[in-house]
Amino acid sequence: MRVERNSSPNDMSETFSQFVTKRLKGISLDANFNEEAKHGKFPDFTCFNGLALLEVKQLKSDQNERLNETIENNESIDNKINFYGKRSFETSFKDGPEKEEIRRQLHNKLSRTIEDHLRKAKEQLKNYSKRNPRKNRVNICIFLNNSIGVFTPDLFASCIDRKMNHKSKDSTRYNSIDYVIYISEKHYIHEEQKFRLTIWSYTNVEATNNPWKDQVIEKIITEWTQFRGAPISLQTESLQSIENSEEIIDIPKKMTRSEQWAIEYQRYPYLSEESIDNIRIIFHRTLLCTYISIIKGKWKKPTKEQQITYLRNFSHVIEEINRRGLDMNDMNKNLLSEQEITRISKGIPQDLIDLIFKEKPNY
């Protein structure tokens with residue numbers, strides 16, 4: 001199931017701030033920033049008459065540049081797949097030890113981003129709690145994401161589980177954080193014919209000794225569900241469902257023609273049932289048609305509308321090749337039989353056919 005949204009993502013931190021102050025009757029400590037800052041670090045909100053402290057972190061920074069750098073540093077490996085256009089990491093490399101190593105490097109880069117936020121939240125909650133002691137209190141770090149697709153719920157959950165369980169000097173590393181909640185409106189889970197946004201929560205070991213704290217978390221999540229008006233898929237320390245989450249596709253207001261064609265095909269991948277042999281034939285047929293326009297010759301040039309159609313068809317077949325994760329070497333013209341070349345060449349000027357297929361060079 002493909003889910004799209006036509007508008008750019010809103011600032012989720014502003015939306016969440018309104019939620020806390022209106023639905024939870026919370027107090028924004030940032031509103032009194034100058035006074036609070038005099039005393040030290042502090043979280044974003046206090047709720048339920050000081051019973052709960054909330055530090056909110058929104059994942060905003062696009063990670064593509066960092067991830068592309070890692071991939072480029074490994075481009076010399078033998079298992080890299082040749083392709084045109086854009087692809088995900090999973091379809092850019094062949095399966096094997098090298099791919100697993102790159103995946104580990106990418107995971108570590110993303111994990112460091114999460115850990116940086118977690119470390120800051122720990123200090124903010126710890127310092128404020130020390131200045132404002134209270135017998136009963138629940139400290140919560142909430143991560144918001146509505147724009148960064150690579151921070152999938154399962155990756156985030158795996159990272160938090162590893163970081164929060166890390167032991168240091170006989171105490172939990174992040175013992176000033178009772179709960180971590182991840183709210184993603186960039187991902188969804190499709191279950192029981194329902195569209196569900198994703199929330200995942202992690203409970204610190206020490207918090208499990210105080211069941212009343214779970215009720216605070218349930219209250220926050222229930223109120224958020226009602227506030228957003230959308231079903232929520234909540235997982236508590238379980239990866240079973242969130243491993244099946246999918247990314248919500250953002251459709252920009254302005255797109256190039258090639259971007260429009262790509263989205264058009266992603267919505268309706270009509271070549272998905274074709275064999276690789278047929279994909280190769282379609283690839284070379286569409287390529288020949290575009291050559292009529294761009295290679296100089298005595299043949300009649302196609303109309304502007306025909307040229308656009310040829311380019312659109314070529315864009316679609318490239319999308320299918322990338323969707324399957326095929327190597328462009330699988331499209332090599334030397335793999336075509338004489339019968340297939342005859343089929344591809346139907347209606348194409350003979351001079352162009354001779355030019356392209358006479359010596360069968362690689363391209």
# chains A, B, ... in the order shown; residues from 1 in each chain; ligands from 1
>>> residues_around(residues="Leu51 (chain A)", least_positions_apart="5", cutoff="12 Å", atoms="only C-alpha atoms", output="ChimeraX atom specification")
/A:24,26-27,45-46,129,132-140,212-213,215-217
>>> write_last_selection(atoms="N, CA and C atoms", output="CSV table (one decimal), in the first residue's frame")
chain,number,residue,atom,x,y,z
A,24,LEU,N,-2.6,18.6,27.7
A,24,LEU,CA,-2.0,18.1,28.9
A,24,LEU,C,-1.9,19.2,30.0
A,26,GLY,N,0.2,21.4,30.2
A,26,GLY,CA,1.5,21.5,30.6
A,26,GLY,C,2.1,23.0,30.5
A,27,ILE,N,3.2,23.2,31.1
A,27,ILE,CA,3.9,24.5,31.2
A,27,ILE,C,5.1,24.4,30.3
A,45,PHE,N,9.1,20.9,28.9
A,45,PHE,CA,7.8,21.0,29.5
A,45,PHE,C,7.8,20.3,30.9
A,46,THR,N,6.9,20.8,31.7
A,46,THR,CA,6.5,20.1,32.9
A,46,THR,C,5.0,20.0,32.9
A,129,SER,N,15.9,18.2,37.5
A,129,SER,CA,15.4,17.3,38.6
A,129,SER,C,16.2,17.6,39.9
A,132,ASN,N,15.1,20.9,41.3
A,132,ASN,CA,13.7,20.9,41.7
A,132,ASN,C,13.3,19.4,42.1
A,133,PRO,N,13.8,19.0,43.3
A,133,PRO,CA,13.6,17.6,43.7
A,133,PRO,C,12.1,17.3,44.0
A,134,ARG,N,11.7,16.1,43.7
A,134,ARG,CA,10.3,15.7,44.0
A,134,ARG,C,10.4,14.2,44.2
A,135,LYS,N,9.5,13.7,45.1
A,135,LYS,CA,9.6,12.2,45.4
A,135,LYS,C,9.1,11.4,44.2
A,136,ASN,N,8.0,11.8,43.6
A,136,ASN,CA,7.5,11.0,42.5
A,136,ASN,C,7.5,11.9,41.2
A,137,ARG,N,8.2,11.4,40.2
A,137,ARG,CA,8.3,12.1,39.0
A,137,ARG,C,8.7,11.1,37.9
A,138,VAL,N,8.2,11.4,36.7
A,138,VAL,CA,8.5,10.6,35.5
A,138,VAL,C,9.2,11.5,34.5
A,139,ASN,N,10.4,11.1,34.0
A,139,ASN,CA,11.2,11.8,33.1
A,139,ASN,C,11.0,11.2,31.7
A,140,ILE,N,10.6,12.0,30.7
A,140,ILE,CA,10.3,11.4,29.4
A,140,ILE,C,11.1,12.2,28.3
A,212,TRP,N,2.9,3.0,38.2
A,212,TRP,CA,2.1,4.2,38.0
A,212,TRP,C,2.6,5.0,36.9
A,213,LYS,N,3.9,4.9,36.6
A,213,LYS,CA,4.5,5.7,35.5
A,213,LYS,C,4.0,5.3,34.1
A,215,GLN,N,1.0,4.6,33.5
A,215,GLN,CA,-0.3,5.3,33.4
A,215,GLN,C,-0.1,6.7,32.8
A,216,VAL,N,1.0,7.3,33.2
A,216,VAL,CA,1.3,8.7,32.7
A,216,VAL,C,1.5,8.6,31.2
A,217,ILE,N,2.3,7.6,30.8
A,217,ILE,CA,2.6,7.4,29.4
A,217,ILE,C,1.4,7.1,28.6
>>> residues_around(residues="Leu288 (chain A)", least_positions_apart="2", cutoff="12 Å", atoms="only C-alpha atoms", output="ChimeraX atom specification")
/A:281-286,290-295,307,310-311,313-314,333,341,343-357
>>> closest_residue(among="A:Ser272, A:Lys57, A:Glu98, A:Ser17", to="Arg324 (chain A)", atoms="only C-alpha atoms")
A:Ser272
>>> closest_atom_pairs(of="region 88-187 of chain A", to="region 198-203 of chain A", cutoff="10 Å", atoms="only C-alpha atoms", output="CSV")
residue,atom,partner,partner_atom,distance
A:Ile140,CA,A:Thr203,CA,9.6
A:Cys141,CA,A:Ser201,CA,9.9
A:Ile142,CA,A:Ser201,CA,9.0
A:Phe143,CA,A:Trp200,CA,9.8
A:Leu144,CA,A:Ile199,CA,9.6
A:Thr152,CA,A:Thr198,CA,9.9
A:Pro153,CA,A:Trp200,CA,7.3
A:Asp154,CA,A:Trp200,CA,9.1
A:Phe156,CA,A:Trp200,CA,9.1
A:Ala157,CA,A:Trp200,CA,7.4
A:Ile160,CA,A:Tyr202,CA,7.7
A:Asp161,CA,A:Tyr202,CA,7.5
A:Met164,CA,A:Tyr202,CA,8.8
A:Ile177,CA,A:Thr203,CA,8.9
A:Asp178,CA,A:Thr203,CA,6.1
A:Tyr179,CA,A:Thr203,CA,4.8
A:Val180,CA,A:Tyr202,CA,5.1
A:Ile181,CA,A:Ser201,CA,4.3
A:Tyr182,CA,A:Trp200,CA,5.1
A:Ile183,CA,A:Ile199,CA,4.6
A:Ser184,CA,A:Thr198,CA,5.4
A:Glu185,CA,A:Thr198,CA,6.8
A:Lys186,CA,A:Thr198,CA,8.6
A:His187,CA,A:Thr198,CA,6.4
>>> write_last_selection(atoms="N, CA and C atoms", output="CSV table (one decimal), in the first residue's frame")
chain,number,residue,atom,x,y,z
A,140,ILE,N,10.6,12.0,30.7
A,140,ILE,CA,10.3,11.4,29.4
A,140,ILE,C,11.1,12.2,28.3
A,141,CYS,N,11.7,11.4,27.4
A,141,CYS,CA,12.3,12.0,26.2
A,141,CYS,C,11.5,11.6,25.0
A,142,ILE,N,11.0,12.6,24.3
A,142,ILE,CA,10.1,12.3,23.2
A,142,ILE,C,10.8,12.7,21.9
A,143,PHE,N,10.9,11.8,20.9
A,143,PHE,CA,11.5,12.1,19.6
A,143,PHE,C,10.3,12.2,18.6
A,144,LEU,N,10.4,13.3,17.8
A,144,LEU,CA,9.4,13.5,16.8
A,144,LEU,C,10.0,13.4,15.4
A,152,THR,N,13.7,4.9,10.3
A,152,THR,CA,12.6,4.0,10.4
A,152,THR,C,12.3,3.6,11.9
A,153,PRO,N,11.1,3.3,12.2
A,153,PRO,CA,10.8,2.9,13.6
A,153,PRO,C,11.7,1.8,14.1
A,154,ASP,N,11.9,0.8,13.3
A,154,ASP,CA,12.7,-0.4,13.7
A,154,ASP,C,14.1,0.0,14.0
A,156,PHE,N,15.2,3.0,14.8
A,156,PHE,CA,15.2,3.8,16.0
A,156,PHE,C,15.1,3.0,17.2
A,157,ALA,N,14.2,2.0,17.2
A,157,ALA,CA,14.0,1.2,18.4
A,157,ALA,C,15.2,0.3,18.7
A,160,ILE,N,17.8,2.7,20.3
A,160,ILE,CA,17.5,3.1,21.7
A,160,ILE,C,17.7,1.9,22.7
A,161,ASP,N,17.2,0.8,22.2
A,161,ASP,CA,17.4,-0.4,23.1
A,161,ASP,C,18.9,-0.7,23.4
A,164,MET,N,20.2,2.4,25.7
A,164,MET,CA,19.6,2.5,27.1
A,164,MET,C,20.0,1.3,27.9
A,177,ILE,N,16.5,9.2,32.5
A,177,ILE,CA,15.4,9.1,31.5
A,177,ILE,C,14.6,7.8,31.8
A,178,ASP,N,13.3,8.0,32.2
A,178,ASP,CA,12.4,6.8,32.5
A,178,ASP,C,11.9,6.2,31.2
A,179,TYR,N,11.5,7.1,30.3
A,179,TYR,CA,10.9,6.6,29.0
A,179,TYR,C,11.4,7.3,27.8
A,180,VAL,N,11.5,6.6,26.7
A,180,VAL,CA,11.7,7.2,25.4
A,180,VAL,C,10.5,6.9,24.5
A,181,ILE,N,10.0,7.9,24.0
A,181,ILE,CA,8.8,7.7,23.0
A,181,ILE,C,9.2,8.3,21.7
A,182,TYR,N,9.0,7.5,20.7
A,182,TYR,CA,9.2,7.8,19.3
A,182,TYR,C,7.9,8.0,18.6
A,183,ILE,N,7.6,9.2,18.1
A,183,ILE,CA,6.4,9.5,17.3
A,183,ILE,C,6.8,9.8,15.9
A,184,SER,N,6.4,8.9,15.0
A,184,SER,CA,6.7,9.2,13.6
A,184,SER,C,5.5,9.4,12.8
A,185,GLU,N,5.4,10.5,12.1
A,185,GLU,CA,4.3,10.8,11.1
A,185,GLU,C,4.9,10.7,9.7
A,186,LYS,N,6.1,10.2,9.6
A,186,LYS,CA,6.7,9.9,8.3
A,186,LYS,C,6.5,8.4,7.9
A,187,HIS,N,6.1,7.6,8.9
A,187,HIS,CA,5.9,6.2,8.6
A,187,HIS,C,4.5,5.7,9.1
>>> closest_residue(among="A:Glu4, A:Glu55, A:Glu223, A:Glu259", to="Glu123 (chain A)", atoms="only C-alpha atoms")
A:Glu55
